[in-house]
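Here's the structure, in structure tokens; my notes come after.
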Amino acid sequence: MKPLQLLTIISSFLILTFYTAGVSAQAGIYKGWKAGVARVVITPNQPLWMAGYGNRDHPSEGKIVDLWAKALALQDSGGKQVVLVTADLVGIPKKLSDHIRDQLKRRFNLSRSQIAINTSHTHTGPVLTNALVDIYPVDAIQQQEIDEYTDKLGEKIVALVDKALHTMEPVQLYAGNGVTRFQVNRRNNVEATLSSQSDLNGPNDYAVPVIKVENKKGELIAVAFGYACHNTVLAGYKWSGDYAGFAQMELEKTHPGVTALFLQGCGADQNPLPRRTVQLAQQYGKDLAAAVDRVLYEDMQLLSPHLTTAYSEVELSLNTPPSKEELLKKAAESSDYQKRWANHLLRNIDRGEALRTSYPYPVEVWSLGGQPIIILGGEVVVEYAIELKRIFGQNVFVLGYSNDVMSYIPTAKILQEGGYEGAGSQMVYGLPNTWKSNIEAVILQQVLQVAREAGIPILSSKIN
Ligand SMILES: [Zn+2]
């Protein structure tokens, strides 16, 4: 046999071996992970009202950096898919989220349990329709611009997922947790006196969850990473993704060609402190990117190509809504958002609508080849992440601000203490009253139930 013939036979054998190892004959399914990534700029083209603060008195004036929506589509060895969407937005209202998820079901047959839409909670992003409606003093034209932007955003996110699903390639997935400590518990420390404080009060969750996506050449193509902290370094009138935007930019600069996706955790009572300058937002962005990089370069857990998912909505009870008389009094006596809130609820009553006494709260769980990810709606306070890590283990990833951001989600203790996260913010979100005191137990029980459905190991099912 001539050397050339031998080489041809060997290479044919290698190609065949590679093919049969990688592709299932009947379905054309690759016997490993596949991933696709996509990204789209979502910075409004025109001045638009900005989200997160009620004290702004005019629309945006340009940008510091662009706002992005990004998608990471994953497929396991059985062909099961999930899609993770992240966006530089203050939150996602139920109506928009339902619309997007209905479209993804219709077009790609993805169920609710296969979709996670996480928002960074940047306070220098746009206002969306049906989100925090009463706090912004917008007029009819500005509202129309908000509605148009929201409609287009929905279309953009569906197209983004389409692109991610159709650019999938074989990959290896890894998971690990890093750490960084610029978050400060804002309920238990005083921002104004922070510089003279030598000891900070908790609780906190300093974890930096990281998912690494590498192609078959060993090249990093995507990194999804999280932190539990408000994106509130910046206020003002210029668009930006805040510290999370700078962290994504930093990682994409250090790893050319990579798409970096930020996941907001249970950071409802955590602020990046001190704050308010672009330089501080950049500093925290670099801190977070450095924490991610450390994890990327150390040994990470290789994830087996097996996905399980579960999703459900549990009704969370609200306290009895105010009466029409109480609302009329509030509308007459208060100003600004409280007046708008009372008038908004009065219009509902006049239309014959009953005021809400409960809310369908989304709880989702994924196991990404043994890496548990708990995905919660609303602005979840950090104590939930701490308790869920006690229940499921310290390696679990806990996301808040996902699929529907309807309100703050306080613990029973914070609810009792009151303050913004426990009481005031429910009105800001347009809910008729505060949550009932069983909120924490109901959510944790629901997570346990959904986790069992997804086959996630539970270390301790006793809830503290
Ligand atoms: Zn918030």
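Identifiers in this document derive from the order of the structure tokens: chains are assigned A, B, ..., residues are numbered from 1 separately in each chain, and ligands are numbered from 1 in order of occurrence.
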Determine which residues of stretch 151-390 of chain A receive a DSSP assignment of alpha helix (DSSP H), computed from the backbone, and state them as a ChimeraX atom specification.
-> /A:151-165,242-254,278-297,324-333,336-350,382-390
Non-local contacts of A:Phe397 (10 Å; only C-alpha atoms; under 5 positions in same chain excluded) as an MDAnalysis selection string = chainID A and resid 175:177 207:210 225:227 263 265 365:366 371:375 385 388:389 392
With only C-alpha atoms and all ligand atoms as the atoms that count, which of A:Leu89, A:Val278, A:Val138, A:Val82 lies nearest to ligand 1?
-> A:Leu89
With the cut-off set at 7 Å and counting only C-alpha atoms and all ligand atoms, tabulate each residue of chain A with an atom at most that distance from an atom of ligand 1, showing the nearest atom pair and its distance in Å to one decimal, ordered by chain and increasing number, as CSV.
```
residue,atom,partner,partner_atom_place_in_ligand_line,distance
A:His121,CA,ligand 1,1 (Zn),6.7
A:His230,CA,ligand 1,1 (Zn),6.3
A:Ala268,CA,ligand 1,1 (Zn),5.6
A:Glu379,CA,ligand 1,1 (Zn),6.2
```
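With only C-alpha atoms as the atoms that count, the minimum distance from A:Ile458 to the choices A:Leu302, A:Leu316, A:Val396, A:Leu415 is reached by A:Val396.
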